[in-house]
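Below is one structure, written out as structure tokens, with a few remarks after it.
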Amino acid sequence: MKKIMLLGSGELGKEFVIACKRKGMYVVACDKYDNAPAMQVADEREVFSMLDGDALMAAVNKHNPDIIVPEIEAIRTEKLYECEKMGIQVTPSARAVNFTMNRKAIRELAHTELGLKTANYKYAKTFEEFKAAADEIGYPFIVKPLMSSSGHGQSKVDSPAELQKAWDDAVAGARGDIKEVIVEQFIKFDYEITLLTVTQKNGKTLFCRPIGHVQKGGDYRESFQPMPMQDQHLKEAQVMADKVTKALTGAGIWGVEFFISNKDGVYFSELSPRPHDTGMVTLAGTQNLSEFELHCRAVLGLPIPEITQEKNGASAVILSPVETENPQYEGMEDVCAAERTYLRIFGKPVAHVGRRMGVVVCYDKLDTDLNQLRDKCKSLAAKVTVK
Ligand SMILES: Nc1ncnc2c1ncn2[C@@H]1O[C@H](COP(=O)(O)OP(=O)(O)OP(=O)(O)O)[C@@H](O)[C@H]1O
Ligand SMILES: [Mg+2]
């Protein structure tokens with residue numbers, strides 16, 4: 001039995017812990033607040049700020065884990081290099097976790113070093129530089145803090161009149177001490193995908209079928225698998241995912257995000273070195289192994305002979321419209337009454353406005369209409385009210 005320390009205990013962590021428990025592992029779940037979803041199913045918990053390097057190392061020294069599995073980006077990730085030196089396996093690697101938490105680091109690696117096609121971009125540290133970057137990239141563009149996730153501080157800027165507000169929002173939405181932003185050409189993509197990619201300790205890199213998704217305000221609302229794609233575009237995405245995950249090193253699942261334009265081809269956007277929120281669609285049993293089971297096997301160095309697509313699937317999120325402690329859920333009966341559908345309530349102790357509290361996933365046979373399945377899933381998720 002191995003001891004796994006999970007840094008971040010949200011809904012993705014919860015499913016990962018369940019996968020690990022099914023393999024008999026011992027899990028210590030950490031987060032900045034108590035009773036987080038993954039803590040509810042783990043062996044032990046630790047509550048501390050993972051951005052605090054000393055607190056992080058104190059928890060590591062106390063539990064002496066075999067493996068550290070980061071579930072979120074808001075971690076003092078430089079410390080993970082120290083953990084690797086101590087002989088602890090970091091998932092997928094300290095290098096990968098460090099690079100992906102900073103948009104500049106990953107963009108420079110992907111675009112400048114590896115030559116992957118991305119949106120045009122510039123960086124800005126001051127409002128003056130921001131204006132200059134906007135002129136160079138052109139309108140509309142997207143601005144994002146270098147360190148942020150789930151759309152925090154991110155906005156689309158259509159004209160110079162919106163520059164000041166966009167800058168203020170980006171600076172306010174940044175995590176950590178870096179106040180720099182990236183200004184990105186707005187890509188008018190036809191659709192976007194997450195390509196779940198699995199790198200293994202002893203085995204070749206494997207790909208899941210692409211997952212299509214729809215984002216609002218930089219956060220995911222629905223996802224569906226398998227997303228139909230031109231063969232050529234899928235191949236290009238796989239080659240890029242292979243390159244960038246190899247360069248970042250380590251074993252685990254990665255959510256590699258791409259924008260696809262039928263006219264201009266495939267753009268690399270970013271990647272997560274961990275299960276991806278849009279990959280919750282695999283909880284519908286779309287594949288022989290869910291993204292969480294795949295991550296668990298890859299992390300433990302267990303073989304993954306193949307990944308097979310078994311069903312069509314869709315996921316749709318349940319967001320809270322209110323701010324409340326001990327949230328209650330209405331409409332669960334409606335979802336559970338539907339065929340080929342699962343309801344997953346994450347069990348978060350507190351609801352915030354717009355916070356993701358649960359997900360509905362639906363499945364059907366592979367030859368059925370994916371759009372109908374998406375509609376069904378969205379209308380079921382809309383029936384659940386958080387109070
Ligand atoms: N250059 C762009 N052109 C068009 N749309 C974009 C661009 N950049 C981002 N978006 C849209 O915003 C979404 C979120 O962007 P991105 O993934 O970079 O942010 P994030 O904060 O890291 O999100 P998450 O952490 O949820 O993955 C994308 O999935 C896409 O829908
Ligand atoms: Mg993203």
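The way I read the labels, and the way they are meant: chains A, B, ... in the order of the structure tokens, residue 1 as the first residue of every chain, and ligand 1 as the first ligand shown, with later ones counted on from there.
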
Set out as JSON lines a contact list for chain A and ligand 2 with a cut-off of 8 Å, giving each residue of chain A that qualifies its closest atom pair and distance in Å to one decimal, counting only C-alpha atoms and all ligand atoms, ordered by chain and rising residue number.
{"residue": "A:Ser149", "atom": "CA", "partner": "ligand 2", "partner_atom_place_in_ligand_line": "1 (Mg)", "distance": 7.3}
{"residue": "A:Ser150", "atom": "CA", "partner": "ligand 2", "partner_atom_place_in_ligand_line": "1 (Mg)", "distance": 7.0}
{"residue": "A:Gly151", "atom": "CA", "partner": "ligand 2", "partner_atom_place_in_ligand_line": "1 (Mg)", "distance": 7.8}
{"residue": "A:Gly218", "atom": "CA", "partner": "ligand 2", "partner_atom_place_in_ligand_line": "1 (Mg)", "distance": 7.3}
{"residue": "A:Asp219", "atom": "CA", "partner": "ligand 2", "partner_atom_place_in_ligand_line": "1 (Mg)", "distance": 7.8}
{"residue": "A:Glu257", "atom": "CA", "partner": "ligand 2", "partner_atom_place_in_ligand_line": "1 (Mg)", "distance": 6.5}
{"residue": "A:Ser269", "atom": "CA", "partner": "ligand 2", "partner_atom_place_in_ligand_line": "1 (Mg)", "distance": 7.5}
{"residue": "A:Glu270", "atom": "CA", "partner": "ligand 2", "partner_atom_place_in_ligand_line": "1 (Mg)", "distance": 6.2}
{"residue": "A:Leu271", "atom": "CA", "partner": "ligand 2", "partner_atom_place_in_ligand_line": "1 (Mg)", "distance": 7.0}
{"residue": "A:Ser272", "atom": "CA", "partner": "ligand 2", "partner_atom_place_in_ligand_line": "1 (Mg)", "distance": 7.9}

For this session: Just list the residues in stretch 115-342 of chain A DSSP gives strand (DSSP E) on the backbone, as a PyMOL selection string.
Result: chain A and resi 121-124+141-145+155-157+181-185+191-200+203-207+211-216+219-225+252-261+265-272+312-319+324-325+329-330+341-342

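Residues with any atom within 7 Å of stretch 183-193 of chain A, counting only C-alpha atoms and excluding same-chain neighbours fewer than 2 positions away, are Ala119, Asn120, Tyr121, Lys122, Tyr123, Ala133, Ala134, Ile137, Pro140, Phe141, Ile142, Val143, Lys144, Val181, Leu195, Pro210, Ile211, Gly212, His213, Glu257, Phe258, Phe259, Ile260, Ser261 and Asn262 of chain A.
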
Saved selection, atoms kept: C-alpha atoms, as a tab-separated table (two decimals), in the first residue's frame:
chain	number	residue	atom	x	y	z
A	119	ALA	CA	-2.82	32.19	-30.84
A	120	ASN	CA	-0.52	35.22	-31.29
A	121	TYR	CA	0.36	36.65	-27.90
A	122	LYS	CA	2.24	39.35	-25.99
A	123	TYR	CA	2.93	39.89	-22.29
A	133	ALA	CA	0.28	44.79	-26.70
A	134	ALA	CA	-3.37	45.41	-27.57
A	137	ILE	CA	-2.31	41.87	-31.32
A	140	PRO	CA	-10.81	41.56	-30.21
A	141	PHE	CA	-8.32	39.88	-27.92
A	142	ILE	CA	-8.36	37.91	-24.67
A	143	VAL	CA	-6.46	39.03	-21.59
A	144	LYS	CA	-5.54	36.59	-18.80
A	181	VAL	CA	-0.81	39.40	-18.04
A	195	LEU	CA	-7.58	15.73	-25.42
A	210	PRO	CA	-11.56	13.99	-27.81
A	211	ILE	CA	-13.97	15.75	-25.47
A	212	GLY	CA	-15.89	18.73	-26.85
A	213	HIS	CA	-16.89	21.43	-24.36
A	257	GLU	CA	-6.78	21.96	-24.55
A	258	PHE	CA	-7.06	22.87	-28.23
A	259	PHE	CA	-9.09	25.30	-30.34
A	260	ILE	CA	-10.11	23.94	-33.74
A	261	SER	CA	-10.89	26.12	-36.71
A	262	ASN	CA	-12.13	24.21	-39.75

For this session: Could you find all residues in stretch 119-307 of chain A that DSSP calls alpha helix (DSSP H) from the backbone, and write them as a ChimeraX atom specification?
Result: /A:127-137,163-173,231-248,291-300

File dump, residues just selected, C-alpha atoms, as a PDB file, in the first residue's frame:
ATOM      1  CA  PHE A 127      -1.013  49.401 -18.310  1.00  0.00           C
ATOM      2  CA  GLU A 128       1.252  51.101 -20.881  1.00  0.00           C
ATOM      3  CA  GLU A 129       2.638  47.767 -22.011  1.00  0.00           C
ATOM      4  CA  PHE A 130      -0.896  46.412 -22.063  1.00  0.00           C
ATOM      5  CA  LYS A 131      -2.041  49.155 -24.451  1.00  0.00           C
ATOM      6  CA  ALA A 132       0.941  48.554 -26.705  1.00  0.00           C
ATOM      7  CA  ALA A 133       0.280  44.786 -26.697  1.00  0.00           C
ATOM      8  CA  ALA A 134      -3.373  45.412 -27.569  1.00  0.00           C
ATOM      9  CA  ASP A 135      -2.351  47.536 -30.570  1.00  0.00           C
ATOM     10  CA  GLU A 136       0.018  44.874 -31.765  1.00  0.00           C
ATOM     11  CA  ILE A 137      -2.306  41.871 -31.320  1.00  0.00           C
ATOM     12  CA  LEU A 163      -8.900  48.426 -21.884  1.00  0.00           C
ATOM     13  CA  GLN A 164      -8.903  49.983 -18.412  1.00  0.00           C
ATOM     14  CA  LYS A 165     -11.575  47.713 -16.953  1.00  0.00           C
ATOM     15  CA  ALA A 166     -10.000  44.615 -18.525  1.00  0.00           C
ATOM     16  CA  TRP A 167      -6.603  45.550 -17.045  1.00  0.00           C
ATOM     17  CA  ASP A 168      -8.059  46.191 -13.591  1.00  0.00           C
ATOM     18  CA  ASP A 169      -9.975  42.902 -13.659  1.00  0.00           C
ATOM     19  CA  ALA A 170      -6.902  40.971 -14.790  1.00  0.00           C
ATOM     20  CA  VAL A 171      -4.713  42.416 -12.051  1.00  0.00           C
ATOM     21  CA  ALA A 172      -7.416  41.782  -9.440  1.00  0.00           C
ATOM     22  CA  GLY A 173      -8.006  38.212 -10.677  1.00  0.00           C
ATOM     23  CA  ASP A 231      -8.816  12.764 -38.777  1.00  0.00           C
ATOM     24  CA  GLN A 232      -6.104  15.204 -39.774  1.00  0.00           C
ATOM     25  CA  HIS A 233      -6.993  17.624 -36.959  1.00  0.00           C
ATOM     26  CA  LEU A 234      -7.098  14.830 -34.400  1.00  0.00           C
ATOM     27  CA  LYS A 235      -3.697  13.587 -35.526  1.00  0.00           C
ATOM     28  CA  GLU A 236      -2.230  17.085 -35.246  1.00  0.00           C
ATOM     29  CA  ALA A 237      -3.640  17.490 -31.746  1.00  0.00           C
ATOM     30  CA  GLN A 238      -2.227  14.105 -30.702  1.00  0.00           C
ATOM     31  CA  VAL A 239       1.231  14.963 -32.031  1.00  0.00           C
ATOM     32  CA  MET A 240       1.189  18.263 -30.121  1.00  0.00           C
ATOM     33  CA  ALA A 241      -0.083  16.621 -26.919  1.00  0.00           C
ATOM     34  CA  ASP A 242       2.633  13.983 -27.188  1.00  0.00           C
ATOM     35  CA  LYS A 243       5.362  16.611 -27.634  1.00  0.00           C
ATOM     36  CA  VAL A 244       4.307  18.883 -24.801  1.00  0.00           C
ATOM     37  CA  THR A 245       3.692  16.093 -22.264  1.00  0.00           C
ATOM     38  CA  LYS A 246       7.057  14.464 -23.114  1.00  0.00           C
ATOM     39  CA  ALA A 247       8.809  17.808 -22.633  1.00  0.00           C
ATOM     40  CA  LEU A 248       7.150  18.283 -19.246  1.00  0.00           C
ATOM     41  CA  GLU A 291     -10.027   9.754 -16.362  1.00  0.00           C
ATOM     42  CA  PHE A 292      -9.632   9.207 -12.602  1.00  0.00           C
ATOM     43  CA  GLU A 293      -8.960   5.493 -12.937  1.00  0.00           C
ATOM     44  CA  LEU A 294      -6.478   6.262 -15.711  1.00  0.00           C
ATOM     45  CA  HIS A 295      -4.698   8.833 -13.542  1.00  0.00           C
ATOM     46  CA  CYS A 296      -4.558   6.393 -10.640  1.00  0.00           C
ATOM     47  CA  ARG A 297      -3.052   3.615 -12.753  1.00  0.00           C
ATOM     48  CA  ALA A 298      -0.544   5.938 -14.405  1.00  0.00           C
ATOM     49  CA  VAL A 299       0.517   7.383 -11.047  1.00  0.00           C
ATOM     50  CA  LEU A 300       0.954   3.928  -9.508  1.00  0.00           C
TER      51      LEU A 300
END

For this session: Compile the contact shell of A:Glu310 as a ChimeraX atom specification: residues with an atom at most 10 Å away, counting only C-alpha atoms, same-chain residues fewer than 4 positions apart removed.
Result: /A:226,285-289,363-366

Expected file contents, prior selection, C-alpha atoms, as a tab-separated table (two decimals), in the first residue's frame:
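The result, stored in result.tsv:
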chain	number	residue	atom	x	y	z
A	226	PRO	CA	-16.51	11.57	-28.43
A	285	GLY	CA	-18.88	5.26	-18.36
A	286	THR	CA	-17.99	6.58	-21.80
A	287	GLN	CA	-14.66	4.74	-21.61
A	288	ASN	CA	-13.47	1.41	-20.21
A	289	LEU	CA	-11.57	3.47	-17.60
A	363	TYR	CA	-24.76	8.22	-21.68
A	364	ASP	CA	-26.15	6.34	-24.64
A	365	LYS	CA	-24.99	3.92	-27.32
A	366	LEU	CA	-22.18	5.06	-29.62
